[in-house]
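**Student:** Dropping the structure in here first, questions after.
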Amino acid sequence: MNWQEFIVVDPAVCHGQACIRGTRILASVVLDNLAAGLDVEGLLKSYPSLTREGIQAAVAYAADLARERIVATA
């Protein structure tokens, strides 16, 4: 999965936060919903402009970010 094909950062859209291409759906919104237990079908129903590829791209994007940053846990 080449998430760069599906995730865009544009200062003119959503204040420059990472979004799913062609939408105003933040990658963080997709990830928050998945973390809260919503499944892919639920996401697609809640966000009709979202695609399976967009969801997969958000997860791949998060995985790349996790490799690049260390977050303190305590």
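Identifiers for the structure tokens are assigned positionally: chains receive A, B, ... in sequence, residues are indexed from 1 per chain, and ligands are indexed from 1 in the order shown.
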Give me, as an NGL selection string, all polymer residues having an atom no more than 9 Å from Gln4 in chain A, counting only C-alpha atoms and skipping those fewer than 3 positions away in the same chain.

**Tutor:** :A and (1 or 7-8 or 57 or 61)

**Student:** With a distance cut-off of 7 Å and only C-alpha atoms, select the neighbouring residues of Val9 in chain A, excluding the residue or stretch itself and same-chain residues fewer than 5 positions from it, and output the selection as a list in words.

**Tutor:**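 What passes the distance filter is Gly16, Gln17, Ala18 and Cys19 of chain A.
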
**Student:** Can you tell me, as a list in words, what residues are no more than 9 Å from range 22-31 of chain A when counting only C-alpha atoms, ignoring any on the same chain fewer than 2 positions away?

**Tutor:**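 Non-adjacent residues within range: Phe6, Ile7, Val8, Val13, Cys14, Gln17, Ala18, Cys19, Ile20, Asn33, Leu34, Ala35, Ala36, Leu43, Tyr47, Ser49, Leu50, Gly54, Ile55, Ala57, Ala58, Val59, Tyr61 and Ala62 of chain A.
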
**Student:** Taking the DSSP secondary structure from the backbone, can you list the residues of range 4-55 of chain A that are strand (DSSP E), as an MDAnalysis selection string?

**Tutor:** chainID A and resid 7:8 19:20

**Student:** Taking the chain letters and numbering used in this document, name the residues of chain A that DSSP puts in alpha helix (DSSP H), as a PyMOL selection string.

**Tutor:** chain A and resi 27-35+40-46+52-68

**Student:** Please compute the CA of His15 in chain A-CA of Glu41 in chain A distance, one decimal, in Å.

**Tutor:**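 Result for CA of His15 in chain A versus CA of Glu41 in chain A: 27.9 Å, one decimal.
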
**Student:** Do you have the CA of Leu44 in chain A-CA of Glu68 in chain A distance handy?

**Tutor:**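 CA of Glu68 in chain A lies at a distance of 28.8 Å from CA of Leu44 in chain A.
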
**Student:** Could you jot down the CA of Arg21 in chain A to CA of Val40 in chain A separation for me, Å, one decimal place?

**Tutor:**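 Those two atoms sit 17.6 Å apart.
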